[in-house]
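A.B. asks: Have a peek at structure25.cif (mmCIF, C-alpha atoms and all ligand atoms).
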```cif
data_protein
#
loop_
_atom_site.label_atom_id
_atom_site.label_comp_id
_atom_site.auth_asym_id
_atom_site.auth_seq_id
_atom_site.Cartn_x
_atom_site.Cartn_y
_atom_site.Cartn_z
CA MET A 157 -7.32 25.90 -1.61
CA LYS A 158 -3.60 26.05 -2.31
CA ILE A 159 -2.39 23.59 -4.90
CA ALA A 160 1.05 22.55 -6.10
CA ILE A 161 1.28 21.19 -9.63
CA VAL A 162 4.42 19.31 -10.58
CA GLU A 163 4.86 18.79 -14.32
CA ASP A 164 8.09 18.72 -16.32
CA ASP A 165 6.50 19.34 -19.72
CA ILE A 166 6.57 23.10 -20.21
CA ASN A 167 3.56 23.20 -22.55
CA MET A 168 1.42 21.14 -20.23
CA ARG A 169 2.59 23.20 -17.23
CA LYS A 170 1.85 26.53 -18.87
CA SER A 171 -1.53 25.44 -20.14
CA LEU A 172 -2.49 24.19 -16.70
CA GLU A 173 -1.35 27.50 -15.20
CA ILE A 174 -3.45 29.47 -17.65
CA ALA A 175 -6.51 27.25 -17.35
CA MET A 176 -6.37 27.21 -13.57
CA SER A 177 -6.02 31.00 -13.36
CA ASP A 178 -9.73 31.15 -14.28
CA TYR A 179 -10.53 29.66 -10.91
CA LYS A 180 -10.01 32.34 -8.30
CA GLU A 181 -10.74 29.90 -5.47
CA PHE A 182 -7.59 27.94 -6.27
CA GLU A 183 -4.16 29.32 -5.59
CA VAL A 184 -1.88 27.35 -7.88
CA LYS A 185 1.89 27.12 -7.85
CA THR A 186 3.63 25.02 -10.46
CA PHE A 187 7.00 23.30 -10.24
CA LYS A 188 9.01 21.92 -13.13
CA ASN A 189 10.38 18.98 -11.19
CA ALA A 190 9.98 17.06 -7.95
CA LYS A 191 13.16 18.38 -6.35
CA ASP A 192 12.00 21.99 -6.69
CA ALA A 193 8.60 21.02 -5.35
CA LEU A 194 10.11 19.37 -2.28
CA LYS A 195 11.98 22.59 -1.58
CA GLY A 196 8.99 24.81 -2.21
CA LEU A 197 6.26 22.88 -0.40
CA ASP A 198 5.21 24.02 3.05
CA ASP A 199 2.24 23.69 5.38
CA SER A 200 0.19 26.19 3.43
CA PHE A 201 -0.46 23.70 0.59
CA ASP A 202 -3.61 21.60 0.64
CA LEU A 203 -3.06 19.41 -2.37
CA VAL A 204 -0.30 18.18 -4.66
CA ILE A 205 -0.95 17.22 -8.28
CA THR A 206 1.92 15.47 -9.98
CA ASP A 207 2.95 13.85 -13.20
CA ILE A 208 4.61 10.43 -12.95
CA ASN A 209 7.04 10.35 -15.80
CA MET A 210 9.60 13.08 -15.07
CA PRO A 211 13.36 13.17 -15.41
CA GLY A 212 15.31 13.07 -12.16
CA MET A 213 12.95 12.11 -9.38
CA ASP A 214 9.80 10.57 -10.84
CA GLY A 215 6.29 11.07 -9.49
CA ILE A 216 6.26 7.86 -7.44
CA GLU A 217 9.57 8.61 -5.73
CA PHE A 218 8.23 12.09 -5.09
CA VAL A 219 5.06 10.75 -3.45
CA LYS A 220 7.22 8.48 -1.30
CA GLU A 221 9.25 11.49 -0.19
CA LEU A 222 6.07 13.38 0.70
CA ASN A 223 5.29 10.49 3.03
CA GLY A 224 1.58 11.21 3.40
CA ARG A 225 1.98 14.89 4.31
CA TYR A 226 -0.28 16.01 1.46
CA GLU A 227 -3.17 14.52 -0.42
CA VAL A 228 -2.01 13.77 -3.94
CA ILE A 229 -3.64 13.46 -7.34
CA ILE A 230 -1.58 11.69 -9.99
CA MET A 231 -1.66 12.58 -13.68
CA THR A 232 -0.63 9.61 -15.73
CA GLY A 233 -0.33 8.46 -19.31
CA ASN A 234 -1.30 4.96 -20.35
CA ALA A 235 2.35 3.94 -20.40
CA THR A 236 2.71 4.64 -16.71
CA LEU A 237 -0.69 3.34 -15.61
CA SER A 238 0.90 0.46 -13.74
CA ARG A 239 2.94 2.98 -11.78
CA ALA A 240 -0.21 4.87 -10.94
CA ILE A 241 -1.43 1.66 -9.33
CA GLU A 242 1.75 1.64 -7.27
CA SER A 243 0.79 5.11 -6.10
CA ILE A 244 -2.41 3.73 -4.55
CA HIS A 245 -0.14 1.72 -2.30
CA LEU A 246 1.40 5.00 -1.17
CA GLY A 247 -1.97 6.46 -0.25
CA VAL A 248 -2.86 8.29 -3.47
CA LYS A 249 -6.64 8.27 -3.81
CA ASP A 250 -7.16 9.73 -7.25
CA PHE A 251 -5.44 9.52 -10.59
CA LEU A 252 -6.33 11.00 -13.95
CA LEU A 253 -5.52 9.36 -17.21
CA LYS A 254 -3.90 11.72 -19.75
CA PRO A 255 -5.04 13.39 -21.87
CA PHE A 256 -7.78 14.95 -19.80
CA ASP A 257 -9.46 18.31 -20.10
CA VAL A 258 -9.18 20.94 -17.45
CA ASP A 259 -12.77 20.43 -16.29
CA THR A 260 -11.89 16.88 -15.36
CA LEU A 261 -8.99 18.11 -13.29
CA VAL A 262 -11.05 20.83 -11.66
CA ASP A 263 -13.74 18.29 -10.78
CA ALA A 264 -11.12 16.07 -9.19
CA ILE A 265 -9.78 19.00 -7.19
CA LYS A 266 -13.26 19.96 -6.01
CA ARG A 267 -13.91 16.37 -4.97
CA GLU A 268 -10.69 16.41 -3.02
CA GLU A 269 -11.73 19.65 -1.35
CA VAL A 270 -15.00 18.12 -0.15
CA VAL A 271 -13.27 14.94 1.01
CA GLN A 272 -10.71 16.94 2.99
CA LYS A 273 -13.43 19.03 4.62
CA VAL A 274 -15.46 16.02 5.68
CA LYS A 275 -12.41 14.16 6.91
CA LYS A 276 -11.30 17.12 8.98
CA SER A 277 -14.74 17.41 10.51
CA VAL A 278 -14.61 14.01 12.18
CA ALA A 279 -12.58 13.80 15.32
CA LYS A 280 -9.51 11.71 14.79
CA THR A 281 -10.85 8.27 15.45
CA LYS A 282 -8.53 5.38 15.88
CA LYS A 283 -8.38 3.30 12.76
CA THR A 284 -10.72 0.43 13.46
CA ALA A 285 -8.97 -2.87 13.05
CA ASN A 286 -10.22 -3.99 9.68
CA ASP A 287 -12.00 -7.24 10.05
CA PHE A 288 -11.30 -9.80 7.49
CA LEU A 289 -14.04 -9.71 4.89
CA GLY A 290 -14.72 -11.86 1.92
CA SER A 291 -16.50 -14.96 0.89
CA SER A 292 -15.60 -15.47 -2.76
CA GLN A 293 -15.07 -18.99 -4.02
CA ALA A 294 -11.51 -18.10 -4.99
CA LEU A 295 -10.75 -16.80 -1.53
CA LYS A 296 -12.44 -19.74 0.18
CA LYS A 297 -10.02 -22.13 -1.49
CA VAL A 298 -7.08 -20.13 -0.23
CA LEU A 299 -8.64 -19.84 3.21
CA ALA A 300 -9.04 -23.60 3.46
CA ILE A 301 -5.30 -24.08 2.97
CA THR A 302 -4.57 -21.11 5.21
CA ASP A 303 -6.56 -22.57 8.06
CA LYS A 304 -4.67 -25.84 7.87
CA ALA A 305 -1.31 -24.15 7.52
CA SER A 306 -1.99 -21.77 10.40
CA LYS A 307 -1.98 -24.61 12.89
CA THR A 308 1.54 -25.67 11.94
CA ASP A 309 4.93 -24.00 12.10
CA ALA A 310 5.49 -24.29 8.37
CA SER A 311 6.94 -21.27 6.58
CA ILE A 312 4.36 -19.54 4.46
CA LEU A 313 5.02 -17.41 1.41
CA LEU A 314 2.17 -15.05 0.54
CA LEU A 315 2.03 -14.14 -3.13
CA GLY A 316 -0.25 -11.74 -4.90
CA GLU A 317 -0.62 -8.34 -6.46
CA SER A 318 -0.38 -5.13 -4.50
CA GLY A 319 -3.41 -4.51 -2.31
CA VAL A 320 -4.86 -8.04 -2.31
CA GLY A 321 -4.48 -8.39 1.45
CA LYS A 322 -1.18 -10.17 2.02
CA GLU A 323 -0.59 -8.31 5.25
CA VAL A 324 -4.14 -9.02 6.37
CA PHE A 325 -3.54 -12.70 5.70
CA ALA A 326 -0.26 -12.72 7.59
CA SER A 327 -1.92 -11.39 10.70
CA TYR A 328 -4.88 -13.76 10.24
CA ILE A 329 -2.48 -16.71 10.14
CA HIS A 330 -0.76 -15.57 13.29
CA LYS A 331 -4.02 -15.03 15.15
CA ASN A 332 -5.17 -18.50 14.21
CA SER A 333 -1.93 -20.20 15.12
CA PRO A 334 -0.80 -21.72 18.40
CA ARG A 335 1.52 -18.69 18.66
CA ALA A 336 -1.38 -16.23 18.77
CA LYS A 337 -0.59 -15.00 22.26
CA LYS A 338 3.07 -14.43 21.42
CA PRO A 339 4.39 -11.45 19.43
CA PHE A 340 3.64 -10.81 15.77
CA VAL A 341 6.54 -8.78 14.42
CA ALA A 342 6.31 -7.34 10.92
CA ILE A 343 9.26 -5.95 9.06
CA ASN A 344 9.05 -4.44 5.60
CA MET A 345 12.21 -4.80 3.52
CA ALA A 346 11.15 -2.02 1.17
CA ALA A 347 10.74 0.46 4.01
CA ILE A 348 14.17 0.08 5.60
CA PRO A 349 17.36 1.45 4.03
CA GLU A 350 19.40 -1.43 2.68
CA ASN A 351 22.36 -0.91 4.97
CA LEU A 352 20.16 -1.07 8.08
CA ILE A 353 18.23 -4.26 7.30
CA GLU A 354 20.80 -6.54 8.85
CA SER A 355 20.98 -4.68 12.16
CA GLU A 356 17.21 -4.34 12.18
CA LEU A 357 16.82 -8.12 11.85
CA PHE A 358 19.61 -9.27 14.11
CA GLY A 359 20.28 -6.32 16.41
CA PHE A 360 23.71 -5.20 17.57
CA GLU A 361 25.85 -4.82 20.65
CA LYS A 362 27.04 -1.52 22.01
CA GLY A 363 30.18 -0.56 20.13
CA ALA A 364 29.58 -2.96 17.22
CA PHE A 365 30.13 0.01 14.90
CA THR A 366 30.76 3.71 15.30
CA ASP A 367 27.16 4.76 15.75
CA ALA A 368 26.24 1.87 18.04
CA ILE A 369 26.15 3.88 21.28
CA GLU A 370 23.67 1.46 22.75
CA ALA A 371 22.81 -2.17 22.14
CA LYS A 372 19.71 -2.87 20.05
CA THR A 373 17.52 -5.93 20.06
CA GLY A 374 16.83 -7.31 16.60
CA GLN A 375 13.37 -8.16 15.27
CA PHE A 376 14.24 -11.87 15.36
CA GLU A 377 14.68 -11.70 19.12
CA LEU A 378 11.59 -9.54 19.55
CA ALA A 379 9.52 -12.10 17.69
CA ASN A 380 10.83 -14.98 19.78
CA GLY A 381 8.06 -17.48 20.48
CA GLY A 382 5.80 -15.80 17.94
CA THR A 383 5.66 -14.99 14.25
CA LEU A 384 8.06 -12.95 12.16
CA PHE A 385 6.47 -11.40 9.07
CA LEU A 386 8.99 -10.49 6.39
CA ASP A 387 7.10 -8.21 4.04
CA GLU A 388 8.31 -7.38 0.51
CA ILE A 389 10.90 -10.13 0.86
CA GLY A 390 11.91 -9.67 -2.78
CA GLU A 391 13.56 -6.40 -1.77
CA MET A 392 15.93 -8.04 0.70
CA PRO A 393 19.55 -7.33 -0.25
CA TYR A 394 21.34 -10.39 -1.60
CA GLY A 395 24.02 -10.28 1.07
CA VAL A 396 21.51 -10.38 3.91
CA GLN A 397 19.65 -13.30 2.34
CA ALA A 398 22.45 -15.74 3.24
CA LYS A 399 22.40 -14.54 6.84
CA LEU A 400 18.65 -14.89 7.03
CA LEU A 401 18.85 -18.43 5.68
CA ARG A 402 21.51 -19.37 8.22
CA ALA A 403 19.47 -17.93 11.09
CA LEU A 404 16.40 -19.89 9.98
CA GLN A 405 18.29 -23.13 9.57
CA GLU A 406 20.28 -22.96 12.77
CA LYS A 407 17.41 -21.41 14.73
CA GLU A 408 19.76 -18.96 16.32
CA VAL A 409 20.98 -15.42 15.73
CA ARG A 410 24.00 -13.40 16.67
CA ARG A 411 23.76 -9.68 17.22
CA LEU A 412 26.27 -7.69 15.18
CA GLY A 413 29.42 -7.33 17.22
CA SER A 414 28.65 -10.33 19.39
CA SER A 415 29.86 -13.89 19.25
CA LYS A 416 27.09 -15.17 21.49
CA ALA A 417 24.39 -17.17 19.72
CA ILE A 418 20.84 -16.57 20.87
CA LYS A 419 18.34 -19.40 20.42
CA ILE A 420 15.21 -18.37 18.63
CA ASP A 421 11.92 -20.09 18.07
CA ILE A 422 9.88 -18.32 15.40
CA ARG A 423 7.42 -19.02 12.63
CA VAL A 424 8.18 -17.14 9.45
CA ILE A 425 5.65 -15.70 7.05
CA SER A 426 6.93 -13.75 4.08
CA ALA A 427 5.19 -11.85 1.34
CA THR A 428 5.98 -10.35 -2.02
CA ASN A 429 4.30 -8.99 -5.10
CA ALA A 430 7.52 -9.40 -7.05
CA ASN A 431 8.18 -12.32 -9.35
CA LEU A 432 10.70 -14.31 -7.31
CA ASP A 433 11.33 -16.86 -10.08
CA GLU A 434 12.51 -14.01 -12.23
CA LYS A 435 14.66 -12.64 -9.41
CA ILE A 436 16.22 -16.07 -8.92
CA LYS A 437 17.00 -16.29 -12.63
CA ASN A 438 18.58 -12.85 -12.52
CA GLY A 439 20.70 -13.79 -9.54
CA GLU A 440 18.92 -11.33 -7.25
CA PHE A 441 17.27 -13.84 -4.98
CA ARG A 442 18.76 -16.98 -3.47
CA GLU A 443 17.08 -20.18 -4.55
CA ASP A 444 17.92 -21.95 -1.29
CA LEU A 445 16.27 -19.19 0.73
CA TYR A 446 13.27 -19.30 -1.58
CA TYR A 447 12.72 -22.98 -0.80
CA ARG A 448 13.19 -22.38 2.91
CA LEU A 449 10.54 -19.62 2.95
CA ASN A 450 8.19 -21.30 0.55
CA THR A 451 7.11 -24.46 2.37
CA ILE A 452 3.53 -23.44 1.79
CA PRO A 453 2.87 -20.90 -0.95
CA LEU A 454 -0.43 -19.05 -0.72
CA ASN A 455 -1.57 -17.22 -3.81
CA ILE A 456 -4.04 -14.51 -2.90
CA PRO A 457 -6.12 -13.94 -6.00
CA PRO A 458 -6.60 -10.42 -7.36
CA LEU A 459 -9.95 -8.78 -6.70
CA ARG A 460 -11.00 -9.12 -10.35
CA GLU A 461 -11.03 -12.89 -9.77
CA ARG A 462 -13.07 -12.46 -6.62
CA LYS A 463 -15.98 -10.60 -8.17
CA ASP A 464 -18.47 -12.46 -6.02
CA GLU A 465 -17.27 -10.61 -2.92
CA ILE A 466 -16.82 -7.11 -4.30
CA LEU A 467 -20.30 -5.97 -3.31
CA GLU A 468 -20.13 -7.59 0.09
CA ILE A 469 -16.87 -5.81 0.89
CA ALA A 470 -18.12 -2.54 -0.61
CA GLU A 471 -21.35 -2.62 1.41
CA ALA A 472 -19.57 -3.45 4.64
CA MET A 473 -17.15 -0.59 4.07
CA ILE A 474 -19.98 1.79 3.19
CA ALA A 475 -21.66 0.97 6.49
CA GLN A 476 -18.39 1.45 8.36
CA ASN A 477 -17.68 4.78 6.66
CA CYS A 478 -21.20 6.10 7.16
CA GLN A 479 -20.81 5.44 10.83
CA LYS A 480 -17.38 7.03 10.90
CA TYR A 481 -18.65 10.23 9.25
CA GLY A 482 -22.01 10.28 11.00
CA PHE A 483 -24.10 9.80 7.84
CA ASP A 484 -27.32 7.84 7.50
CA VAL A 485 -26.64 4.45 6.01
CA LYS A 486 -26.07 4.71 2.27
CA THR A 487 -26.73 2.13 -0.40
CA LEU A 488 -25.49 1.51 -3.94
CA SER A 489 -27.69 2.13 -6.96
CA PRO A 490 -28.01 -0.84 -9.34
CA GLU A 491 -25.82 1.00 -11.89
CA ALA A 492 -23.19 1.69 -9.24
CA LYS A 493 -23.18 -1.98 -8.37
CA SER A 494 -22.59 -3.05 -11.95
CA GLU A 495 -19.85 -0.43 -12.27
CA LEU A 496 -18.08 -1.89 -9.23
CA LEU A 497 -18.43 -5.34 -10.72
CA SER A 498 -17.15 -4.44 -14.17
CA TYR A 499 -14.13 -2.37 -13.14
CA ASN A 500 -10.97 -4.46 -13.09
CA TRP A 501 -9.44 -3.16 -9.81
CA PRO A 502 -5.72 -3.02 -10.59
CA GLY A 503 -5.13 -1.71 -7.06
CA ASN A 504 -7.27 -4.52 -5.61
CA ILE A 505 -8.93 -4.22 -2.19
CA ARG A 506 -6.90 -1.16 -1.27
CA GLU A 507 -8.32 0.63 -4.30
CA LEU A 508 -11.85 -0.58 -3.59
CA LEU A 509 -11.71 0.71 -0.02
CA SER A 510 -10.54 4.13 -1.12
CA VAL A 511 -13.14 4.39 -3.92
CA VAL A 512 -15.89 3.41 -1.51
CA GLU A 513 -14.82 5.85 1.20
CA ARG A 514 -14.72 8.72 -1.29
CA SER A 515 -18.10 7.83 -2.75
CA VAL A 516 -19.63 7.79 0.73
CA ILE A 517 -18.32 11.29 1.33
CA LEU A 518 -19.10 12.68 -2.10
CA SER A 519 -22.52 11.20 -2.85
CA GLU A 520 -25.37 13.70 -2.77
CA ASN A 521 -28.06 11.33 -1.58
CA ASN A 522 -28.37 8.15 0.38
CA GLU A 523 -28.14 6.13 -2.77
CA ILE A 524 -24.65 6.23 -4.26
CA GLN A 525 -24.80 6.70 -8.02
CA LYS A 526 -22.48 5.22 -10.63
CA ASP A 527 -20.89 8.56 -11.47
CA GLU A 528 -20.22 9.20 -7.79
CA LEU A 529 -17.70 6.37 -7.81
CA PHE A 530 -15.53 8.36 -10.23
CA LEU A 531 -14.16 5.25 -11.84
CA ASP A 532 -14.54 6.42 -15.42
CA VAL A 533 -11.51 8.75 -15.22
CA ARG A 534 -9.37 5.70 -14.46
CA LYS A 535 -10.36 3.66 -17.44
N1 LIG B 1 -10.36 -9.45 3.02
C1 LIG B 1 -10.26 -8.18 3.38
N2 LIG B 1 -11.25 -7.59 4.09
C2 LIG B 1 -11.16 -6.30 4.45
N3 LIG B 1 -10.14 -5.50 4.18
C3 LIG B 1 -9.12 -6.03 3.49
C4 LIG B 1 -9.12 -7.39 3.07
N4 LIG B 1 -7.99 -7.64 2.40
C5 LIG B 1 -7.30 -6.49 2.40
N5 LIG B 1 -7.96 -5.52 3.05
C6 LIG B 1 -7.52 -4.13 3.24
O1 LIG B 1 -6.95 -3.73 1.99
C7 LIG B 1 -5.78 -2.96 2.19
C8 LIG B 1 -4.62 -3.63 1.51
O2 LIG B 1 -4.33 -4.87 2.17
P1 LIG B 1 -2.83 -5.33 2.48
O3 LIG B 1 -2.02 -4.20 2.98
O4 LIG B 1 -2.91 -6.55 3.32
O5 LIG B 1 -2.38 -5.69 1.00
P2 LIG B 1 -0.98 -6.25 0.48
O6 LIG B 1 -1.30 -7.44 -0.33
O7 LIG B 1 -0.05 -6.42 1.62
O8 LIG B 1 -0.53 -5.09 -0.49
P3 LIG B 1 0.98 -4.63 -0.90
O9 LIG B 1 1.56 -5.72 -1.77
O10 LIG B 1 0.73 -3.40 -1.68
O11 LIG B 1 1.73 -4.41 0.36
C9 LIG B 1 -5.64 -2.81 3.68
O12 LIG B 1 -6.24 -1.59 4.07
C10 LIG B 1 -6.42 -3.98 4.23
O13 LIG B 1 -6.92 -3.70 5.52
MG MG B 2 1.74 -5.44 2.05
#
```
Here is a file; write its structure as structure tokens.
C.D. replies:
Amino acid sequence: MKIAIVEDDINMRKSLEIAMSDYKEFEVKTFKNAKDALKGLDDSFDLVITDINMPGMDGIEFVKELNGRYEVIIMTGNATLSRAIESIHLGVKDFLLKPFDVDTLVDAIKREEVVQKVKKSVAKTKKTANDFLGSSQALKKVLAITDKASKTDASILLLGESGVGKEVFASYIHKNSPRAKKPFVAINMAAIPENLIESELFGFEKGAFTDAIEAKTGQFELANGGTLFLDEIGEMPYGVQAKLLRALQEKEVRRLGSSKAIKIDIRVISATNANLDEKIKNGEFREDLYYRLNTIPLNIPPLRERKDEILEIAEAMIAQNCQKYGFDVKTLSPEAKSELLSYNWPGNIRELLSVVERSVILSENNEIQKDELFLDVRK
């Protein structure tokens, strides 16, 4: 297994190099910063292990740049734990809280090795559309409002921590709305470069600007008749916010470079895990747009407030994963169950799903044990 370790602290880097040289099965290359690593990484690497807090490009930016090309383990100090949670969003499955001893790291690497092997062994199956799971009291309350709101055209603002299921809710609302047979168009403000958001939303005519060799239909037009999901709305550039508000109020859009107004009929759902009140106070988010988007706010509670559904979701996902990997059905030991219930799930359902999938792959027997959840290295 070929491993890249990215760590700016020279002492830590050298001691990792020395410690890892005892393991002949691992070929380790260290990098002192993310930029060097990006230059040095090629297809021969199987795993990237990175620090978060580094000068220049930090670990999270680095993981974003890698864009899922490698499996990643994050090494994090307590101060950057919240950023480690962010990394779960980017697909990171494992993180180690500093200080840790080398055995802990080696164990994590070996786990990763097994997981990679098993994953490679199954033919690439299409990701099964995740059914909506959950029956907690907290979620039921939200679902009751959701069901009512779905039937209307009211704008819905989905609020909640990363990984609670805002996107899942958005699509649930669409599917249960009168617009279900019309398009559901999702656009993520955080994923599009700032200067392209406007043309992405509204489209442009041929010749509208130098690079506009061909006309492009905007997402507003594509969603016509259906639902437009504006994800990570808090990241929308201030300048575009006014244009969005105008389009929503006048129910029409103009492509860039065109004077022709196009009528649009859409339902808007937006989502954010940012604190919009704060952004409004700081002059980063328009209050008038906030009220326009927020006809019905839906607060999706974090998983730690939905304890009564943790086991249900875990067991359903275990069954699904066992099928995916061709294992006999596995169960959770009583201790594993209490571990799942007592962990506080900062990465919410996304984190639960990844913990469960790994435990299915890594467990020795058909009963998954507490220590096969590998939650203790995160606490
Ligand atoms: N109730 C649920 N049942 C089953 N799977 C769920 C449920 N809620 C969320 N998930 C799964 O959890 C993961 C995270 O959900 P989702 O992407 O909707 O979260 P999010 O709130 O949009 O997070 P972020 O703020 O980080 O974008 C997804 O893989 C999703 O399929
Ligand atoms: Mg989301």
A.B. asks: Contacts of Leu445 in chain A at 10 Å or less, counting all atoms listed in the file, minus same-chain residues fewer than 2 places along, as a PDB file with C-alpha atoms, in the frame of the given file?
C.D. replies:
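Listed below is the output, out-v1.pdb:
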```pdb
ATOM      1  CA  GLN A 397      19.650 -13.300   2.340  1.00  0.00           C
ATOM      2  CA  ALA A 398      22.450 -15.740   3.240  1.00  0.00           C
ATOM      3  CA  LYS A 399      22.400 -14.540   6.840  1.00  0.00           C
ATOM      4  CA  LEU A 400      18.650 -14.890   7.030  1.00  0.00           C
ATOM      5  CA  LEU A 401      18.850 -18.430   5.680  1.00  0.00           C
ATOM      6  CA  ARG A 402      21.510 -19.370   8.220  1.00  0.00           C
ATOM      7  CA  LEU A 404      16.400 -19.890   9.980  1.00  0.00           C
ATOM      8  CA  GLN A 405      18.290 -23.130   9.570  1.00  0.00           C
ATOM      9  CA  PHE A 441      17.270 -13.840  -4.980  1.00  0.00           C
ATOM     10  CA  ARG A 442      18.760 -16.980  -3.470  1.00  0.00           C
ATOM     11  CA  GLU A 443      17.080 -20.180  -4.550  1.00  0.00           C
ATOM     12  CA  TYR A 447      12.720 -22.980  -0.800  1.00  0.00           C
ATOM     13  CA  ARG A 448      13.190 -22.380   2.910  1.00  0.00           C
ATOM     14  CA  LEU A 449      10.540 -19.620   2.950  1.00  0.00           C
ATOM     15  CA  ASN A 450       8.190 -21.300   0.550  1.00  0.00           C
TER      16      ASN A 450
END
```
A.B. asks: Using only C-alpha atoms, which protein or nucleic acid residues come within 9 Å of range 508-518 of chain A? Drop anything in the same chain fewer than 2 positions from it, and give the result as an mmCIF file with C-alpha atoms, in the frame of the given file.
C.D. replies:
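Below is the file part-v4.cif, written as the result:
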```
data_model
loop_
_atom_site.group_PDB
_atom_site.id
_atom_site.type_symbol
_atom_site.label_atom_id
_atom_site.label_comp_id
_atom_site.auth_asym_id
_atom_site.auth_seq_id
_atom_site.Cartn_x
_atom_site.Cartn_y
_atom_site.Cartn_z
ATOM 1 C CA ILE A 244 -2.410 3.730 -4.550
ATOM 2 C CA GLY A 247 -1.970 6.460 -0.250
ATOM 3 C CA LYS A 249 -6.640 8.270 -3.810
ATOM 4 C CA ASP A 250 -7.160 9.730 -7.250
ATOM 5 C CA ARG A 267 -13.910 16.370 -4.970
ATOM 6 C CA GLU A 268 -10.690 16.410 -3.020
ATOM 7 C CA VAL A 270 -15.000 18.120 -0.150
ATOM 8 C CA VAL A 271 -13.270 14.940 1.010
ATOM 9 C CA VAL A 274 -15.460 16.020 5.680
ATOM 10 C CA LYS A 275 -12.410 14.160 6.910
ATOM 11 C CA LEU A 459 -9.950 -8.780 -6.700
ATOM 12 C CA ILE A 466 -16.820 -7.110 -4.300
ATOM 13 C CA ILE A 469 -16.870 -5.810 0.890
ATOM 14 C CA ALA A 470 -18.120 -2.540 -0.610
ATOM 15 C CA GLU A 471 -21.350 -2.620 1.410
ATOM 16 C CA MET A 473 -17.150 -0.590 4.070
ATOM 17 C CA ILE A 474 -19.980 1.790 3.190
ATOM 18 C CA ASN A 477 -17.680 4.780 6.660
ATOM 19 C CA CYS A 478 -21.200 6.100 7.160
ATOM 20 C CA TYR A 481 -18.650 10.230 9.250
ATOM 21 C CA PHE A 483 -24.100 9.800 7.840
ATOM 22 C CA LYS A 486 -26.070 4.710 2.270
ATOM 23 C CA LEU A 496 -18.080 -1.890 -9.230
ATOM 24 C CA TRP A 501 -9.440 -3.160 -9.810
ATOM 25 C CA GLY A 503 -5.130 -1.710 -7.060
ATOM 26 C CA ASN A 504 -7.270 -4.520 -5.610
ATOM 27 C CA ILE A 505 -8.930 -4.220 -2.190
ATOM 28 C CA ARG A 506 -6.900 -1.160 -1.270
ATOM 29 C CA GLU A 520 -25.370 13.700 -2.770
ATOM 30 C CA ASN A 522 -28.370 8.150 0.380
ATOM 31 C CA ILE A 524 -24.650 6.230 -4.260
ATOM 32 C CA GLN A 525 -24.800 6.700 -8.020
ATOM 33 C CA GLU A 528 -20.220 9.200 -7.790
ATOM 34 C CA LEU A 529 -17.700 6.370 -7.810
ATOM 35 C CA PHE A 530 -15.530 8.360 -10.230
ATOM 36 C CA LEU A 531 -14.160 5.250 -11.840
#
```
A.B. asks: Could you tell me how far CA of Gln375 in chain A lies from atom C2 of ligand LIG 1 (chain B), in Å and to one decimal?
C.D. replies: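 Interatomic distance here is 26.9 Å.
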A.B. asks: If I take CA of Glu491 in chain A and CA of Lys526 in chain A, how far is one from the other in Å, to one decimal?
C.D. replies: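 Straight-line distance from CA of Glu491 in chain A to CA of Lys526 in chain A works out to 5.5 Å.
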A.B. asks: Could you please extract the residues within 8 Å of ligand MG 2 (chain B), counting all atoms listed in the file, and hand them back as a list in words?
C.D. replies: Ser318, Gly319, Gly321, Lys322, Glu323, Asp387, Glu388, Ala427 and Thr428 of chain A
A.B. asks: Give the answer as one residue: which of A:Thr383, A:Thr308, A:Ser414, A:Ser291 has the shortest atom-to-atom distance to ligand LIG 1 (chain B), using only C-alpha atoms and all ligand atoms?
C.D. replies: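 Closest residue, counting only C-alpha atoms and all ligand atoms: A:Ser291.
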A.B. asks: Using all atoms listed in the file, find the one residue out of A:Phe187, A:Tyr179, A:Tyr328, A:Phe251 that sits nearest to ligand LIG 1 (chain B).
C.D. replies: A:Tyr328
